[in-house]
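J.: So I've got this file, upload-v7.txt, and it contains compact mmCIF, C-alpha atoms:
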```txt
# COMPACT_ATOMS: atom_id res chain seq x y z
CA MET C 1 -122.36 -11.50 48.79
CA THR C 2 -123.56 -11.85 52.40
CA ALA C 3 -125.05 -15.22 53.24
CA MET C 4 -128.65 -15.24 54.43
CA ALA C 5 -129.40 -16.68 57.86
CA ALA C 6 -130.22 -20.34 57.32
CA SER C 7 -133.37 -21.88 58.69
CA GLN C 8 -132.91 -25.57 59.25
CA LYS C 9 -133.95 -28.59 61.24
CA ASN C 10 -131.55 -31.10 62.75
CA PHE C 11 -131.89 -34.65 61.45
CA ASP C 12 -132.34 -36.02 64.99
CA THR C 13 -135.30 -33.67 65.53
CA LEU C 14 -136.84 -34.73 62.23
CA LEU C 15 -136.33 -38.38 63.12
CA ALA C 16 -137.86 -37.88 66.59
CA GLY C 17 -140.89 -36.21 64.97
CA GLU C 18 -141.39 -39.15 62.60
CA GLN C 19 -141.15 -41.60 65.50
CA LEU C 20 -143.69 -39.61 67.49
CA ALA C 21 -146.10 -39.44 64.55
CA ASP C 22 -145.74 -43.10 63.60
CA PRO C 23 -145.35 -45.61 66.46
CA SER C 24 -144.80 -48.51 64.07
CA PHE C 25 -141.90 -46.62 62.45
CA ARG C 26 -140.52 -46.00 65.94
CA ALA C 27 -140.72 -49.71 66.83
CA GLU C 28 -139.06 -50.70 63.56
CA TRP C 29 -136.33 -48.07 63.92
CA GLN C 30 -135.52 -49.31 67.42
CA ARG C 31 -135.63 -52.98 66.38
CA LEU C 32 -133.05 -52.40 63.66
CA VAL C 33 -130.32 -50.80 65.81
CA PRO C 34 -128.02 -53.84 65.41
CA ALA C 35 -128.64 -53.92 61.65
CA ARG C 36 -127.74 -50.26 61.22
CA GLU C 37 -124.62 -50.51 63.38
CA PHE C 38 -123.45 -53.65 61.60
CA ALA C 39 -124.07 -51.95 58.25
CA ALA C 40 -122.13 -48.88 59.41
CA THR C 41 -119.29 -51.16 60.53
CA LEU C 42 -119.00 -52.75 57.08
CA LEU C 43 -119.25 -49.34 55.41
CA ARG C 44 -116.49 -47.89 57.61
CA TYR C 45 -114.30 -50.92 56.91
CA ARG C 46 -114.95 -50.62 53.19
CA ALA C 47 -114.17 -46.87 53.24
CA GLU C 48 -110.99 -47.32 55.30
CA HIS C 49 -109.68 -50.04 53.01
CA LYS C 50 -111.00 -48.47 49.81
CA LEU C 51 -112.93 -51.60 48.88
CA SER C 52 -115.82 -52.04 46.49
CA GLN C 53 -118.80 -54.10 47.62
CA ARG C 54 -117.48 -56.90 45.39
CA SER C 55 -114.04 -56.83 47.06
CA LEU C 56 -115.61 -56.83 50.51
CA ALA C 57 -117.81 -59.77 49.50
CA LYS C 58 -114.67 -61.66 48.49
CA LYS C 59 -113.03 -60.91 51.83
CA LEU C 60 -116.15 -62.05 53.70
CA GLY C 61 -116.57 -65.15 51.54
CA VAL C 62 -120.10 -64.15 50.54
CA SER C 63 -121.81 -62.91 47.38
CA GLN C 64 -121.98 -59.22 46.44
CA PRO C 65 -125.81 -59.16 46.78
CA ARG C 66 -125.29 -60.43 50.34
CA VAL C 67 -123.07 -57.39 51.05
CA VAL C 68 -125.79 -55.15 49.55
CA LYS C 69 -128.25 -56.68 52.02
CA LEU C 70 -125.90 -56.37 55.01
CA GLU C 71 -125.08 -52.75 54.15
CA SER C 72 -128.78 -51.89 53.86
CA GLY C 73 -129.20 -51.85 57.63
CA GLU C 74 -132.69 -53.22 57.13
CA HIS C 75 -132.11 -56.77 58.38
CA ASN C 76 -130.67 -57.67 61.77
CA PRO C 77 -127.59 -59.86 61.21
CA GLU C 78 -127.44 -63.38 62.57
CA VAL C 79 -124.78 -64.08 65.19
CA ASP C 80 -122.99 -66.39 62.72
CA THR C 81 -122.81 -63.51 60.24
CA ILE C 82 -121.24 -61.24 62.87
CA ILE C 83 -118.73 -63.93 63.87
CA ASN C 84 -117.77 -64.49 60.25
CA ALA C 85 -117.15 -60.76 59.72
CA VAL C 86 -115.11 -60.48 62.91
CA ARG C 87 -113.04 -63.52 61.93
CA ARG C 88 -112.39 -62.42 58.36
CA LEU C 89 -111.97 -58.66 58.88
CA GLY C 90 -110.21 -58.72 62.25
CA ILE C 91 -112.66 -56.28 63.81
CA GLU C 92 -114.51 -56.26 67.13
CA PHE C 93 -118.28 -55.94 67.33
CA VAL C 94 -120.30 -55.63 70.54
CA LEU C 95 -124.01 -56.01 71.14
CA ASP C 96 -125.36 -55.40 74.63
CA VAL C 97 -129.02 -55.59 75.61
CA ALA C 98 -130.05 -54.45 79.09
CA PRO C 99 -133.19 -53.25 80.88
CA ALA C 100 -133.75 -49.56 80.09
CA SER C 101 -134.14 -48.91 83.80
CA ARG C 102 -130.42 -49.41 84.49
CA LYS C 103 -127.16 -48.42 82.86
CA PRO C 104 -125.50 -51.23 80.88
CA ALA C 105 -122.64 -52.59 83.00
CA LEU C 106 -120.87 -54.88 80.53
CA VAL C 107 -119.77 -52.45 77.83
CA THR C 108 -117.47 -49.46 77.87
CA ALA C 109 -118.67 -45.87 78.07
CA ARG C 110 -117.21 -45.34 74.58
CA ALA C 111 -119.40 -48.08 73.15
CA GLN C 112 -122.44 -46.71 74.97
CA LYS C 113 -121.80 -43.22 73.66
CA HIS C 114 -121.29 -44.52 70.18
CA GLY C 115 -124.19 -46.83 69.65
CA ALA C 116 -126.76 -46.83 72.43
CA ILE C 117 -130.45 -46.48 71.81
CA ALA C 118 -133.23 -46.89 74.35
CA HIS C 119 -136.25 -48.92 73.35
CA ASP C 120 -139.32 -48.42 75.44
CA ASP C 121 -138.21 -51.14 77.85
CA VAL C 122 -134.63 -52.17 76.96
CA SER C 123 -131.48 -50.37 75.94
CA VAL C 124 -129.46 -51.75 73.05
CA VAL C 125 -125.81 -50.92 72.55
CA ALA C 126 -124.27 -51.96 69.24
CA ALA C 127 -120.77 -50.73 68.49
CA SER C 128 -117.63 -51.79 66.68
CA SER C 129 -113.91 -51.15 66.66
CA VAL C 130 -114.01 -49.80 63.10
CA MET Z 1 -103.89 -37.90 62.34
CA ALA Z 2 -107.02 -35.94 63.32
CA LYS Z 3 -109.56 -38.07 65.15
CA ARG Z 4 -112.71 -38.71 63.16
CA PRO Z 5 -115.97 -37.71 64.85
CA THR Z 6 -118.03 -40.66 66.11
CA THR Z 7 -121.02 -39.19 64.33
CA TRP Z 8 -121.56 -36.09 62.21
CA VAL Z 9 -124.12 -33.32 62.43
CA VAL Z 10 -126.73 -33.47 59.69
CA ASP Z 11 -129.30 -30.70 59.25
CA PHE Z 12 -132.15 -30.29 56.80
CA ASP Z 13 -132.72 -26.92 55.16
CA SER Z 14 -136.25 -25.85 56.19
CA ASP Z 15 -137.36 -26.01 52.54
CA ALA Z 16 -135.89 -29.51 52.24
CA VAL Z 17 -138.13 -30.48 55.17
CA ILE Z 18 -141.08 -29.31 53.04
CA ASP Z 19 -139.70 -31.25 50.02
CA PHE Z 20 -139.50 -34.35 52.20
CA GLU Z 21 -143.25 -34.11 52.89
CA ASP Z 22 -143.73 -35.07 49.22
CA VAL Z 23 -142.17 -38.46 49.95
CA LYS Z 24 -145.44 -40.16 50.84
CA SER Z 25 -144.66 -43.88 50.80
CA ARG Z 26 -143.79 -45.25 54.21
CA GLY Z 27 -141.11 -47.47 52.71
CA ASP Z 28 -139.48 -44.55 50.90
CA ARG Z 29 -139.55 -42.35 54.02
CA LYS Z 30 -137.92 -45.17 56.01
CA ALA Z 31 -135.28 -45.54 53.31
CA VAL Z 32 -134.52 -41.81 53.40
CA PHE Z 33 -134.14 -41.82 57.20
CA ASN Z 34 -131.93 -44.89 56.90
CA VAL Z 35 -129.54 -43.36 54.35
CA VAL Z 36 -129.37 -40.01 56.17
CA GLN Z 37 -128.46 -41.95 59.33
CA LYS Z 38 -125.62 -43.51 57.31
CA LEU Z 39 -124.42 -40.02 56.40
CA LYS Z 40 -124.58 -39.10 60.09
CA ASP Z 41 -122.56 -42.22 61.00
CA LEU Z 42 -119.92 -42.01 58.27
CA GLY Z 43 -119.85 -38.42 57.07
CA SER Z 44 -117.55 -37.92 54.11
CA ASP Z 45 -116.40 -41.57 54.38
CA LEU Z 46 -119.81 -42.80 53.20
CA PRO Z 47 -119.00 -44.88 50.11
CA SER Z 48 -120.83 -45.54 46.87
CA PRO Z 49 -123.51 -46.73 46.11
CA HIS Z 50 -125.06 -45.03 49.16
CA MET Z 51 -124.00 -41.62 47.84
CA LYS Z 52 -122.80 -40.11 44.59
CA SER Z 53 -121.24 -36.77 43.73
CA LEU Z 54 -123.30 -34.84 41.22
CA LYS Z 55 -121.75 -34.37 37.78
CA GLY Z 56 -121.03 -30.71 37.11
CA GLU Z 57 -121.94 -29.70 40.67
CA ALA Z 58 -118.72 -29.24 42.61
CA ASN Z 59 -120.39 -28.87 46.00
CA LEU Z 60 -123.40 -31.15 45.78
CA PHE Z 61 -123.91 -34.85 46.43
CA GLU Z 62 -126.92 -37.15 46.29
CA LEU Z 63 -127.88 -39.75 48.86
CA ARG Z 64 -129.15 -42.96 47.30
CA PRO Z 65 -131.73 -44.64 49.57
CA LYS Z 66 -131.77 -48.42 49.24
CA GLN Z 67 -128.51 -48.05 47.29
CA GLY Z 68 -130.39 -46.47 44.41
CA ALA Z 69 -133.43 -48.78 44.39
CA CYS Z 70 -135.68 -46.09 45.93
CA GLU Z 71 -136.50 -43.09 43.73
CA ALA Z 72 -136.22 -40.44 46.45
CA ARG Z 73 -132.95 -38.49 46.42
CA PRO Z 74 -131.81 -36.15 49.21
CA ILE Z 75 -129.31 -33.62 47.77
CA TYR Z 76 -126.71 -32.48 50.28
CA ALA Z 77 -123.55 -30.47 50.77
CA ARG Z 78 -120.83 -30.29 53.37
CA PHE Z 79 -120.28 -27.07 55.30
CA GLY Z 80 -117.18 -27.51 57.44
CA GLY Z 81 -117.93 -30.15 60.07
CA ARG Z 82 -121.59 -30.58 59.22
CA PHE Z 83 -123.77 -31.69 56.36
CA VAL Z 84 -126.97 -30.04 55.18
CA VAL Z 85 -129.65 -31.75 53.13
CA LEU Z 86 -130.56 -28.86 50.83
CA ALA Z 87 -133.38 -30.45 48.83
CA VAL Z 88 -135.20 -33.74 48.42
CA ALA Z 89 -136.46 -35.16 45.14
CA ALA Z 90 -139.44 -37.36 45.94
CA LYS Z 91 -139.45 -38.97 42.48
CA LYS Z 92 -137.08 -39.28 39.52
CA LYS Z 93 -138.98 -36.56 37.64
CA ASP Z 94 -138.26 -34.11 40.51
CA PHE Z 95 -134.49 -34.64 40.43
CA ASP Z 96 -133.42 -31.70 38.22
CA ARG Z 97 -135.72 -29.33 40.08
CA ALA Z 98 -134.25 -30.53 43.39
CA VAL Z 99 -130.68 -29.96 42.17
CA GLY Z 100 -131.65 -26.43 41.09
CA ALA Z 101 -133.29 -25.78 44.47
CA ALA Z 102 -130.23 -27.14 46.29
CA ASN Z 103 -128.01 -24.75 44.34
CA ASP Z 104 -130.31 -21.83 45.24
CA ARG Z 105 -130.36 -22.81 48.92
CA TRP Z 106 -126.64 -23.57 49.20
CA GLU Z 107 -125.66 -19.97 49.88
CA ARG Z 108 -127.92 -19.75 52.95
CA HIS Z 109 -125.68 -22.18 54.81
CA ILE Z 110 -122.20 -20.89 54.03
CA ASP Z 111 -121.78 -19.15 57.38
CA GLY Z 112 -123.41 -21.96 59.32
```
Translate the structure described by the file into structure tokens.
T.:
Amino acid sequence: MTAMAASQKNFDTLLAGEQLADPSFRAEWQRLVPAREFAATLLRYRAEHKLSQRSLAKKLGVSQPRVVKLESGEHNPEVDTIINAVRRLGIEFVLDVAPASRKPALVTARAQKHGAIAHDDVSVVAASSV
Amino acid sequence: MAKRPTTWVVDFDSDAVIDFEDVKSRGDRKAVFNVVQKLKDLGSDLPSPHMKSLKGEANLFELRPKQGACEARPIYARFGGRFVVLAVAAKKKDFDRAVGAANDRWERHIDG
């Protein structure tokens, strides 16, 4: 059977539309860049090492509900939390905040490509080695 | 070993966009965007409980916003190097209908 031509919308376009329609969603989405990147870092680590949330919690020295919270991407992690994860998992995590009017100078192009998002007035780069 | 993409392409079937309009709560909409972003970031590496393969549906998977605590369920499939959200169940009661719709829409995306 011949496949019909698919009509679709890219996720980024859908997300941009939601941000345009709802400025408070936009502000919240931008504010949580570090949370989402840190969550993605833990998820990648867990996938690479075939760990359950419970096993990752053990490795991090925290409770499983704490891993649930960190993986949600809905709460920006404290610096101590990031340091603990780096120490215990042997990963690298970078967070760079710069004025949106100029290109961040302290992080690599790879990190910028991976995890940069422009707020209205600052750019935030959050990226990890995982 | 083949290098993993930094992020993946995720599209919504145009009818899934309409399904998504039935997700009215702001919190649920945020949760759906959040979990789809996870799919974009991790692709097929996205682990449970953020996704689940659907029993008896070889090609379909569900995304689980808020790790299952939110009722909305985007149903998706992989087509080569991209993922397509084929349907969205706004509530638990819509789940079976959404799976049926995803199966019907699946064929549209085979050739990209």
J.: State, in Å with one decimal place, the distance from CA of Ala6 (chain C) to CA of Asp28 (chain Z).
T.: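 Distance reported for this atom pair: 26.7 Å.
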J.: With the cut-off set at 7 Å and counting all atoms listed in the file, tabulate each residue of chain C with an atom at most that distance from an atom of chain Z, showing the nearest atom pair and its distance in Å to one decimal, ordered by chain and increasing number, as a tab-separated table.
T.:
```
residue	atom	partner	partner_atom	distance
C:Ala3	CA	Z:Arg108	CA	5.4
C:Met4	CA	Z:Arg108	CA	4.8
C:Ala5	CA	Z:Arg108	CA	6.0
C:Ala6	CA	Z:Arg108	CA	5.0
C:Ser7	CA	Z:Ser14	CA	5.5
C:Gln8	CA	Z:Asp13	CA	4.3
C:Lys9	CA	Z:Phe12	CA	5.1
C:Asn10	CA	Z:Asp11	CA	4.2
C:Phe11	CA	Z:Asp11	CA	5.2
C:Ala40	CA	Z:Lys38	CA	6.7
C:Leu43	CA	Z:Leu46	CA	6.9
C:Arg44	CA	Z:Leu42	CA	6.8
C:Ala47	CA	Z:Asp45	CA	5.9
C:Ser72	CA	Z:Lys66	CA	6.5
C:His114	CA	Z:Thr6	CA	6.5
```
J.: If you count only C-alpha atoms, which residues fall within 8 Å of Ser128 (chain C), apart from same-chain ones fewer than 5 positions away, as number ranges by chain?
T.: C: 37-38, 41, 91-94, 111
J.: For region 91-93 of chain Z, please output as a list of chain:residue names all residues within 12 Å (counting all atoms listed in the file; exclusion window: fewer than 6 positions along the same chain).
T.: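 That gives Z:Asp19, Z:Phe20, Z:Asp22, Z:Val23, Z:Lys24, Z:Ser25, Z:Asp28, Z:Arg64, Z:Pro65, Z:Gly68, Z:Ala69, Z:Cys70, Z:Glu71, Z:Ala72, Z:Arg73, Z:Pro74, Z:Val99.
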J.: Quick one: distance from CA of Lys103 (chain C) to CA of Ala127 (chain C) in Å, one decimal?
T.: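 Those two atoms sit 15.9 Å apart.
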J.: Report, in Å with one decimal, the straight-line distance from CA of His49 (chain C) to CA of Val130 (chain C).
T.: 11.0 Å
J.: Which residues come within 12 Å of Lys55 (chain Z), counting only C-alpha atoms, excluding same-chain residues fewer than 6 positions away, as a PyMOL selection string?
T.: chain Z and resi 61-62+96+99
J.: Please list as a list in words every residue within 10 Å of Ser53 (chain Z), counting only C-alpha atoms and excluding residues in the same chain fewer than 5 positions away.
T.: Ser48, Ala58, Asn59, Leu60, Phe61, Glu62, Leu63, Ile75, Tyr76 and Ala77 of chain Z
J.: Go ahead and write the residues just picked, C-alpha atoms, as an mmCIF file, in the frame of the given file.
T.:
```cif
data_model
loop_
_atom_site.group_PDB
_atom_site.id
_atom_site.type_symbol
_atom_site.label_atom_id
_atom_site.label_comp_id
_atom_site.auth_asym_id
_atom_site.auth_seq_id
_atom_site.Cartn_x
_atom_site.Cartn_y
_atom_site.Cartn_z
ATOM 1 C CA SER Z 48 -120.830 -45.540 46.870
ATOM 2 C CA ALA Z 58 -118.720 -29.240 42.610
ATOM 3 C CA ASN Z 59 -120.390 -28.870 46.000
ATOM 4 C CA LEU Z 60 -123.400 -31.150 45.780
ATOM 5 C CA PHE Z 61 -123.910 -34.850 46.430
ATOM 6 C CA GLU Z 62 -126.920 -37.150 46.290
ATOM 7 C CA LEU Z 63 -127.880 -39.750 48.860
ATOM 8 C CA ILE Z 75 -129.310 -33.620 47.770
ATOM 9 C CA TYR Z 76 -126.710 -32.480 50.280
ATOM 10 C CA ALA Z 77 -123.550 -30.470 50.770
#
```
